[in-house]
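Q: Below is model.cif; it holds mmCIF, C-alpha atoms.
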```
data_query
loop_
_atom_site.label_atom_id
_atom_site.label_comp_id
_atom_site.auth_asym_id
_atom_site.auth_seq_id
_atom_site.Cartn_x
_atom_site.Cartn_y
_atom_site.Cartn_z
CA MET Q 615 -13.01 -48.79 66.85
CA THR Q 616 -15.80 -50.28 68.85
CA SER Q 617 -17.56 -53.20 67.26
CA GLN Q 618 -20.84 -51.55 68.35
CA LEU Q 619 -20.20 -48.59 66.05
CA LEU Q 620 -19.09 -50.74 63.13
CA LYS Q 621 -22.15 -53.00 63.49
CA ARG Q 622 -24.38 -49.94 63.46
CA VAL Q 623 -22.64 -48.45 60.44
CA ARG Q 624 -22.83 -51.72 58.51
CA SER Q 625 -26.48 -52.34 59.39
CA ILE Q 626 -27.47 -48.94 58.01
CA GLY Q 627 -25.55 -49.52 54.79
CA SER Q 628 -24.62 -45.88 54.28
CA CYS Q 629 -20.88 -46.58 54.03
CA PRO Q 630 -19.42 -48.68 51.23
CA PRO Q 631 -18.40 -52.07 52.71
CA SER Q 632 -14.81 -51.62 51.52
CA LEU Q 633 -14.50 -48.56 53.79
CA VAL Q 634 -15.70 -50.28 56.97
CA ALA Q 635 -14.20 -53.75 56.61
CA ASP Q 636 -13.29 -55.91 59.60
CA SER Q 637 -9.79 -56.27 58.21
CA ILE Q 638 -8.97 -52.61 58.92
CA PRO Q 639 -6.69 -52.65 61.96
CA VAL Q 640 -6.85 -49.91 64.54
CA GLU Q 641 -5.93 -49.62 68.17
CA GLU Q 642 -8.78 -48.37 70.32
CA ASP Q 643 -8.31 -44.72 71.24
CA GLY Q 644 -11.89 -43.83 72.09
CA PHE Q 645 -13.03 -42.80 68.59
CA GLY Q 646 -15.81 -45.40 68.38
CA THR Q 647 -17.05 -44.72 71.89
CA ALA Q 648 -16.97 -40.96 71.34
CA VAL Q 649 -18.90 -41.24 68.08
CA CYS Q 650 -21.52 -43.57 69.59
CA ARG Q 651 -22.28 -40.90 72.22
CA LEU Q 652 -23.15 -38.44 69.45
CA LEU Q 653 -25.69 -40.66 67.74
CA ASP Q 654 -29.44 -40.60 68.15
CA SER Q 655 -30.74 -43.65 70.00
CA GLY Q 656 -33.09 -44.47 67.11
CA GLY Q 657 -30.54 -46.89 65.68
CA GLY Q 658 -29.64 -44.91 62.57
CA LEU Q 659 -26.59 -42.83 61.85
CA SER Q 660 -27.92 -39.40 62.73
CA LEU Q 661 -26.73 -36.97 65.36
CA VAL Q 662 -28.61 -36.23 68.55
CA ASN Q 663 -30.52 -33.00 67.96
CA GLU Q 664 -28.73 -30.90 70.59
CA LYS Q 665 -26.34 -28.01 70.12
CA GLY Q 666 -23.72 -29.44 72.52
CA ILE Q 667 -23.22 -32.44 70.24
CA ALA Q 668 -21.24 -30.25 67.81
CA GLU Q 669 -18.34 -30.07 70.29
CA GLY Q 670 -18.13 -33.86 70.48
CA PHE Q 671 -18.27 -34.11 66.69
CA GLY Q 672 -15.39 -31.63 66.52
CA ALA Q 673 -13.36 -33.89 68.81
CA ALA Q 674 -14.13 -36.86 66.55
CA LEU Q 675 -13.03 -34.82 63.52
CA LYS Q 676 -9.66 -34.25 65.21
CA MET Q 677 -9.32 -38.04 65.56
CA ALA Q 678 -9.73 -38.28 61.77
CA GLN Q 679 -7.47 -35.35 60.92
CA GLY Q 680 -4.38 -37.07 59.60
CA LEU Q 681 -2.19 -40.13 59.84
CA ASN Q 682 -0.72 -38.86 63.11
CA SER Q 683 -4.20 -38.89 64.66
CA ILE Q 684 -4.25 -42.70 64.44
CA PRO Q 685 -2.56 -44.15 67.53
CA GLY Q 686 -0.33 -47.15 67.94
CA ALA Q 687 2.48 -48.85 66.11
CA LEU Q 688 0.56 -49.44 62.90
CA ASP Q 689 2.37 -49.06 59.59
CA MET Q 690 1.40 -46.17 57.31
CA ARG Q 691 -0.87 -48.31 55.13
CA ALA Q 692 -2.83 -49.54 58.15
CA LYS Q 693 -3.08 -45.99 59.52
CA SER Q 694 -4.33 -44.78 56.15
CA LEU Q 695 -7.03 -47.48 56.07
CA ALA Q 696 -8.10 -46.61 59.62
CA LEU Q 697 -8.24 -42.92 58.71
CA VAL Q 698 -10.37 -43.64 55.65
CA GLN Q 699 -12.73 -45.67 57.84
CA ARG Q 700 -13.09 -42.84 60.36
CA ARG Q 701 -13.69 -40.26 57.67
CA SER Q 702 -16.28 -42.43 55.93
CA ILE Q 703 -18.18 -42.90 59.20
CA LEU Q 704 -18.16 -39.17 59.98
CA LEU Q 705 -19.32 -38.36 56.44
CA ALA Q 706 -22.13 -40.93 56.72
CA ILE Q 707 -23.24 -39.41 60.01
CA ALA Q 708 -23.28 -35.86 58.64
CA GLY Q 709 -25.01 -36.97 55.46
CA GLY Q 710 -27.52 -39.09 57.37
CA THR Q 711 -28.57 -36.37 59.78
CA SER Q 712 -31.69 -34.29 59.11
CA PRO Q 713 -30.93 -30.86 57.60
CA SER Q 714 -33.00 -29.30 60.41
CA ASN Q 715 -30.81 -30.84 63.14
CA ILE Q 716 -29.37 -28.15 65.43
CA ALA Q 717 -26.09 -30.01 65.95
CA LEU Q 718 -25.53 -30.47 62.21
CA ARG Q 719 -26.13 -26.79 61.57
CA GLN Q 720 -23.61 -25.90 64.28
CA ILE Q 721 -21.06 -28.37 62.86
CA LEU Q 722 -21.42 -26.74 59.45
CA SER Q 723 -21.07 -23.27 61.00
CA ASN Q 724 -17.92 -24.47 62.78
CA GLY Q 725 -16.23 -25.19 59.44
CA PHE Q 726 -17.04 -28.79 58.57
CA LEU Q 727 -16.76 -28.02 54.85
CA VAL Q 728 -13.17 -26.83 55.36
CA VAL Q 729 -12.36 -30.22 56.88
CA VAL Q 730 -14.15 -32.03 54.05
CA LYS Q 731 -12.16 -29.95 51.54
CA SER Q 732 -8.92 -31.13 53.18
CA TRP Q 733 -10.16 -34.73 52.93
CA LEU Q 734 -10.94 -34.20 49.25
CA ASP Q 735 -7.44 -32.80 48.76
CA ASP Q 736 -6.00 -35.93 50.42
CA ILE Q 737 -7.98 -38.14 48.03
CA LEU Q 738 -6.89 -36.19 44.96
CA ASN Q 739 -3.25 -36.21 46.13
CA SER Q 740 -3.47 -40.00 46.62
CA SER Q 741 -2.35 -39.63 50.23
CA VAL Q 742 -5.50 -40.93 51.98
CA GLY Q 743 -8.41 -42.67 50.30
CA GLY Q 744 -9.38 -43.33 46.72
CA VAL Q 745 -12.38 -43.57 44.46
CA ASP Q 746 -14.58 -45.33 47.05
CA LEU Q 747 -14.04 -42.54 49.57
CA LEU Q 748 -14.46 -39.89 46.86
CA LEU Q 749 -17.83 -41.28 45.79
CA HIS Q 750 -18.91 -41.60 49.44
CA LEU Q 751 -17.77 -38.03 50.19
CA LEU Q 752 -19.69 -36.58 47.24
CA THR Q 753 -22.83 -38.55 48.11
CA SER Q 754 -22.64 -37.58 51.79
CA VAL Q 755 -22.17 -33.84 51.31
CA ALA Q 756 -24.79 -33.36 48.60
CA MET Q 757 -27.75 -32.98 50.96
CA LEU Q 758 -26.03 -30.95 53.68
CA PRO Q 759 -27.87 -27.69 54.48
CA VAL Q 760 -25.01 -25.45 53.38
CA THR Q 761 -25.08 -21.74 52.68
CA LYS Q 762 -23.41 -20.04 49.74
CA GLU Q 763 -21.01 -18.42 52.20
CA MET Q 764 -19.98 -21.82 53.64
CA VAL Q 765 -19.33 -23.25 50.19
CA THR Q 766 -17.41 -20.18 49.04
CA SER Q 767 -15.28 -19.69 52.16
CA SER Q 768 -14.36 -23.40 52.36
CA LYS Q 769 -13.50 -23.48 48.64
CA LEU Q 770 -15.17 -26.90 48.56
CA GLY Q 771 -17.51 -25.93 45.73
CA LYS Q 772 -14.62 -25.11 43.38
CA ALA Q 773 -12.71 -28.19 44.48
CA VAL Q 774 -15.70 -30.45 43.76
CA ALA Q 775 -16.14 -28.90 40.31
CA ALA Q 776 -12.43 -29.40 39.56
CA VAL Q 777 -12.65 -33.15 40.26
CA GLU Q 778 -14.18 -33.68 36.80
CA LYS Q 779 -10.86 -32.67 35.20
CA HIS Q 780 -8.68 -34.60 37.66
CA LYS Q 781 -7.08 -37.92 36.68
CA ILE Q 782 -9.19 -39.73 39.29
CA CYS Q 783 -12.20 -38.91 37.10
CA ALA Q 784 -11.27 -37.88 33.56
CA GLY Q 785 -11.02 -40.97 31.38
CA SER Q 786 -11.34 -43.39 34.31
CA GLN Q 787 -13.76 -46.29 34.56
CA ASN Q 788 -15.51 -44.36 37.35
CA GLU Q 789 -15.94 -41.15 35.37
CA SER Q 790 -19.70 -41.39 34.92
CA ALA Q 791 -20.35 -42.28 38.58
CA ILE Q 792 -18.16 -39.42 39.77
CA LYS Q 793 -19.72 -36.91 37.37
CA GLU Q 794 -23.24 -37.96 38.42
CA ARG Q 795 -22.40 -37.27 42.05
CA ILE Q 796 -20.71 -33.96 41.22
CA ALA Q 797 -23.81 -32.90 39.27
CA ARG Q 798 -25.98 -33.80 42.27
CA VAL Q 799 -23.79 -31.75 44.63
CA LYS Q 800 -23.93 -28.76 42.25
CA GLU Q 801 -27.71 -29.10 41.86
CA GLU Q 802 -28.41 -29.35 45.60
CA TRP Q 803 -25.99 -26.63 46.60
CA SER Q 804 -27.31 -24.16 44.04
CA ALA Q 805 -30.96 -24.72 44.96
#
```
Take the structure in the file and give it back as structure tokens.

A:
Amino acid sequence: MTSQLLKRVRSIGSCPPSLVADSIPVEEDGFGTAVCRLLDSGGGLSLVNEKGIAEGFGAALKMAQGLNSIPGALDMRAKSLALVQRRSILLAIAGGTSPSNIALRQILSNGFLVVVKSWLDDILNSSVGGVDLLLHLLTSVAMLPVTKEMVTSSKLGKAVAAVEKHKICAGSQNESAIKERIARVKEEWSA
């Protein structure tokens, strides 16, 4: 991951520090450079407002697909941490981009919510990520300009609602924080 991208992510503060720590090892495979090309030059974490950017974002999503998408001889724990970092950055970018952005709308039309649903499944299965990534995911997706069809076809809406009954939430010390974010997602997506 390029230090330029991590500096930018940290300066914005839209990712929890635990998800973008310096201690997360990863061998450079072009993810950071590719993501930097997608970002608006204004210094924030929003996408350039051009339709062609969606293709580059799709390539970045593939680099955050699963443990096998992390290159090098890292052990599984290190690969998992690197994958969580990539996912948190991509979520922050999507969540930090204006709802009127052409690229964001194309990314959503291309099935971004299906990808996010798979990430949520990974969190709930304890295979990649934990409570920090869950809270970040819920916060990031709440303001996305989704349609009812996108939410229904991705099954993300039902999956988000089911989190309240999952062991990661029910009876945990993070239950109220998780439920607040779920309520916000439901409120924004039903508006």

Q: Got a sec to resolve the PyMOL selection byres ((chain Q and resi 732) around 12) on this structure and send the residues as JSON, numbers by chain?

A: {"Q": [675, 678, 679, 680, 701, 725, 726, 727, 728, 729, 730, 731, 733, 734, 735, 736, 737, 738, 739, 741, 742, 743, 751, 768, 769, 770, 773, 774]}

Q: Could you check the closest approach to Leu633 of chain Q for each of Q:Gln699, Q:Thr766, Q:Thr711, Q:Ser754 and tell me which residue wins, using all atoms listed in the file?

A: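 The shortest atom-to-atom distance to Leu633 of chain Q comes from Q:Gln699.
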
Q: What lies within 10 Å of Asn682 of chain Q using all atoms listed in the file, ignoring chain neighbours under 3 positions off, as number ranges by chain?

A: Q: 677-679, 685-686, 690, 693-694, 697

Q: So, with only C-alpha atoms as the atoms that count, which of Q:Val698, Q:Pro630, Q:Ile638, Q:Ile716 lies closest to Leu749 of chain Q?

A: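 Nearest candidate to Leu749 of chain Q out of Q:Val698, Q:Pro630, Q:Ile638, Q:Ile716: Q:Pro630.
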
Q: Return as a PyMOL selection string the set of residues that the PyMOL selection byres ((chain Q and resi 795-799) around 9) yields on the displayed structure.

A: chain Q and resi 749+752-753+755-757+771+774-775+777-778+790-794+800-804

Q: Find the spatial neighbours of Ala673 of chain Q, counting only C-alpha atoms, within a cut-off of 10 Å - ignore same-chain residues fewer than 6 positions away - and output them as a list in words.

A: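 Surrounding residues, per the criterion: Phe645, Ala648, Val649 and Gln679 of chain Q.
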
Q: Determine, counting all atoms listed in the file, which protein, DNA and RNA residues have an atom within 10 Å of an atom of Asn715 of chain Q; residues of the same chain fewer than 5 positions away are not included. Present the result as number ranges by chain.

A: Q: 660-665, 720, 759

Q: What does the distance from atom CA of Ala696 of chain Q to atom CA of Asn724 of chain Q come to in Å, to one decimal?

A: 24.4 Å

Q: What does the distance between atom CA of Ile707 of chain Q and atom CA of His780 of chain Q come to in Å, to one decimal place?

A: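 Straight-line distance from atom CA of Ile707 of chain Q to atom CA of His780 of chain Q works out to 27.1 Å.
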
Q: How big is the axis-aligned box, and where does its centre sit, when it encloses all atoms of segment 661-676 of chain Q listed in the file and has 5 Å added on every side, reported in Å to one decimal as AutoDock Vina command-line options?

A:
```
--center_x -20.1 --center_y -32.5 --center_z 68.0 --size_x 30.9 --size_y 19.0 --size_z 19.0
```

Q: Counting all atoms listed in the file, which residue out of Q:Gly656, Q:Lys781, Q:Glu642, Q:Ala635 sits closest to Ser740 of chain Q?

A: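 Selected residue with least distance to Ser740 of chain Q: Q:Lys781.
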
Q: What does the distance between atom CA of Met764 of chain Q and atom CA of Ser723 of chain Q come to in Å, to one decimal place?

A: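 Taking atom CA of Met764 of chain Q and atom CA of Ser723 of chain Q, their separation equals 7.6 Å.
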
Q: List the residues matched by the PyMOL selection byres ((chain Q and resi 619) around 12) in the displayed structure as a ChimeraX atom specification, ordered by chain and then by residue number.

A: /Q:615-618,620-626,634,636,644-653,657-659,699-700,703-704,707

Q: Between Q:Asn788, Q:Leu718, Q:Gly672, Q:Lys762, which residue has the minimum interatomic distance to Ala805 of chain Q, considering all atoms listed in the file?

A: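 Using all atoms listed in the file, the shortest distance to Ala805 of chain Q belongs to Q:Lys762.
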
Q: Pick out the closest residue to Leu747 of chain Q from this set: Q:Ser786, Q:Ser683, Q:Ser632, Q:Ser655. Count all atoms listed in the file.

A: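 Comparing Q:Ser786, Q:Ser683, Q:Ser632, Q:Ser655 against Leu747 of chain Q, the winner is Q:Ser632.
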
Q: Considering only C-alpha atoms, can you say which of Q:Ile782, Q:Ile721, Q:Cys629, Q:Ala692 comes closest to Phe671 of chain Q?

A: Q:Ile721

Q: Any chance you could build segment 773-784 of chain Q out to all heavy atoms and write it as a PDB file, keeping the file's coordinate frame?

A:
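This went into out-v1.pdb:
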```
ATOM      1  N   ALA Q 773     -13.482 -26.937  44.454  1.00  0.00           N
ATOM      2  CA  ALA Q 773     -12.710 -28.190  44.480  1.00  0.00           C
ATOM      3  C   ALA Q 773     -13.530 -29.349  43.930  1.00  0.00           C
ATOM      4  O   ALA Q 773     -13.017 -30.183  43.175  1.00  0.00           O
ATOM      5  CB  ALA Q 773     -12.256 -28.497  45.906  1.00  0.00           C
ATOM      6  N   VAL Q 774     -14.821 -29.399  44.274  1.00  0.00           N
ATOM      7  CA  VAL Q 774     -15.700 -30.450  43.760  1.00  0.00           C
ATOM      8  C   VAL Q 774     -15.825 -30.328  42.249  1.00  0.00           C
ATOM      9  O   VAL Q 774     -15.723 -31.323  41.517  1.00  0.00           O
ATOM     10  CB  VAL Q 774     -17.088 -30.409  44.449  1.00  0.00           C
ATOM     11  CG1 VAL Q 774     -18.104 -31.260  43.703  1.00  0.00           C
ATOM     12  CG2 VAL Q 774     -16.980 -30.866  45.895  1.00  0.00           C
ATOM     13  N   ALA Q 775     -16.013 -29.116  41.757  1.00  0.00           N
ATOM     14  CA  ALA Q 775     -16.140 -28.900  40.310  1.00  0.00           C
ATOM     15  C   ALA Q 775     -14.867 -29.308  39.580  1.00  0.00           C
ATOM     16  O   ALA Q 775     -14.922 -29.847  38.468  1.00  0.00           O
ATOM     17  CB  ALA Q 775     -16.487 -27.445  40.029  1.00  0.00           C
ATOM     18  N   ALA Q 776     -13.711 -29.084  40.196  1.00  0.00           N
ATOM     19  CA  ALA Q 776     -12.430 -29.400  39.560  1.00  0.00           C
ATOM     20  C   ALA Q 776     -12.159 -30.903  39.482  1.00  0.00           C
ATOM     21  O   ALA Q 776     -11.316 -31.332  38.693  1.00  0.00           O
ATOM     22  CB  ALA Q 776     -11.300 -28.709  40.328  1.00  0.00           C
ATOM     23  N   VAL Q 777     -12.867 -31.696  40.262  1.00  0.00           N
ATOM     24  CA  VAL Q 777     -12.650 -33.150  40.260  1.00  0.00           C
ATOM     25  C   VAL Q 777     -12.901 -33.731  38.875  1.00  0.00           C
ATOM     26  O   VAL Q 777     -12.216 -34.671  38.449  1.00  0.00           O
ATOM     27  CB  VAL Q 777     -13.538 -33.851  41.323  1.00  0.00           C
ATOM     28  CG1 VAL Q 777     -13.494 -35.363  41.181  1.00  0.00           C
ATOM     29  CG2 VAL Q 777     -13.109 -33.440  42.726  1.00  0.00           C
ATOM     30  N   GLU Q 778     -13.847 -33.163  38.143  1.00  0.00           N
ATOM     31  CA  GLU Q 778     -14.180 -33.680  36.800  1.00  0.00           C
ATOM     32  C   GLU Q 778     -12.969 -33.695  35.871  1.00  0.00           C
ATOM     33  O   GLU Q 778     -12.874 -34.545  34.988  1.00  0.00           O
ATOM     34  CB  GLU Q 778     -15.292 -32.852  36.167  1.00  0.00           C
ATOM     35  CG  GLU Q 778     -16.629 -33.061  36.823  1.00  0.00           C
ATOM     36  CD  GLU Q 778     -17.728 -32.220  36.210  1.00  0.00           C
ATOM     37  OE1 GLU Q 778     -17.585 -30.981  36.174  1.00  0.00           O
ATOM     38  OE2 GLU Q 778     -18.728 -32.818  35.776  1.00  0.00           O
ATOM     39  N   LYS Q 779     -12.046 -32.766  36.063  1.00  0.00           N
ATOM     40  CA  LYS Q 779     -10.860 -32.670  35.200  1.00  0.00           C
ATOM     41  C   LYS Q 779      -9.666 -33.421  35.779  1.00  0.00           C
ATOM     42  O   LYS Q 779      -8.642 -33.549  35.111  1.00  0.00           O
ATOM     43  CB  LYS Q 779     -10.504 -31.205  34.985  1.00  0.00           C
ATOM     44  CG  LYS Q 779     -11.577 -30.448  34.237  1.00  0.00           C
ATOM     45  CD  LYS Q 779     -11.244 -28.991  34.111  1.00  0.00           C
ATOM     46  CE  LYS Q 779     -12.407 -28.280  33.433  1.00  0.00           C
ATOM     47  NZ  LYS Q 779     -12.541 -26.917  33.845  1.00  0.00           N
ATOM     48  N   HIS Q 780      -9.782 -33.904  36.999  1.00  0.00           N
ATOM     49  CA  HIS Q 780      -8.680 -34.600  37.660  1.00  0.00           C
ATOM     50  C   HIS Q 780      -8.544 -36.016  37.116  1.00  0.00           C
ATOM     51  O   HIS Q 780      -9.518 -36.620  36.663  1.00  0.00           O
ATOM     52  CB  HIS Q 780      -8.943 -34.633  39.181  1.00  0.00           C
ATOM     53  CG  HIS Q 780      -7.787 -35.095  39.980  1.00  0.00           C
ATOM     54  ND1 HIS Q 780      -7.515 -36.426  40.187  1.00  0.00           N
ATOM     55  CD2 HIS Q 780      -6.811 -34.401  40.621  1.00  0.00           C
ATOM     56  CE1 HIS Q 780      -6.418 -36.532  40.930  1.00  0.00           C
ATOM     57  NE2 HIS Q 780      -5.980 -35.318  41.207  1.00  0.00           N
ATOM     58  N   LYS Q 781      -7.340 -36.565  37.201  1.00  0.00           N
ATOM     59  CA  LYS Q 781      -7.080 -37.920  36.680  1.00  0.00           C
ATOM     60  C   LYS Q 781      -7.901 -38.997  37.385  1.00  0.00           C
ATOM     61  O   LYS Q 781      -8.143 -40.061  36.812  1.00  0.00           O
ATOM     62  CB  LYS Q 781      -5.595 -38.251  36.762  1.00  0.00           C
ATOM     63  CG  LYS Q 781      -5.052 -38.340  38.173  1.00  0.00           C
ATOM     64  CD  LYS Q 781      -3.566 -38.613  38.203  1.00  0.00           C
ATOM     65  CE  LYS Q 781      -3.070 -38.642  39.641  1.00  0.00           C
ATOM     66  NZ  LYS Q 781      -1.632 -38.815  39.716  1.00  0.00           N
ATOM     67  N   ILE Q 782      -8.359 -38.743  38.590  1.00  0.00           N
ATOM     68  CA  ILE Q 782      -9.190 -39.730  39.290  1.00  0.00           C
ATOM     69  C   ILE Q 782     -10.536 -39.905  38.590  1.00  0.00           C
ATOM     70  O   ILE Q 782     -11.189 -40.929  38.720  1.00  0.00           O
ATOM     71  CB  ILE Q 782      -9.383 -39.357  40.783  1.00  0.00           C
ATOM     72  CG1 ILE Q 782      -9.775 -40.583  41.607  1.00  0.00           C
ATOM     73  CG2 ILE Q 782     -10.407 -38.234  40.945  1.00  0.00           C
ATOM     74  CD1 ILE Q 782      -9.708 -40.378  43.114  1.00  0.00           C
ATOM     75  N   CYS Q 783     -10.914 -38.890  37.800  1.00  0.00           N
ATOM     76  CA  CYS Q 783     -12.200 -38.910  37.100  1.00  0.00           C
ATOM     77  C   CYS Q 783     -12.033 -38.990  35.589  1.00  0.00           C
ATOM     78  O   CYS Q 783     -12.513 -39.925  34.959  1.00  0.00           O
ATOM     79  CB  CYS Q 783     -13.007 -37.659  37.475  1.00  0.00           C
ATOM     80  SG  CYS Q 783     -14.585 -37.511  36.610  1.00  0.00           S
ATOM     81  N   ALA Q 784     -11.367 -38.005  35.014  1.00  0.00           N
ATOM     82  CA  ALA Q 784     -11.270 -37.880  33.560  1.00  0.00           C
ATOM     83  C   ALA Q 784     -10.671 -39.136  32.924  1.00  0.00           C
ATOM     84  O   ALA Q 784      -9.545 -39.520  33.213  1.00  0.00           O
ATOM     85  CB  ALA Q 784     -10.429 -36.659  33.196  1.00  0.00           C
TER      86      ALA Q 784
END
```
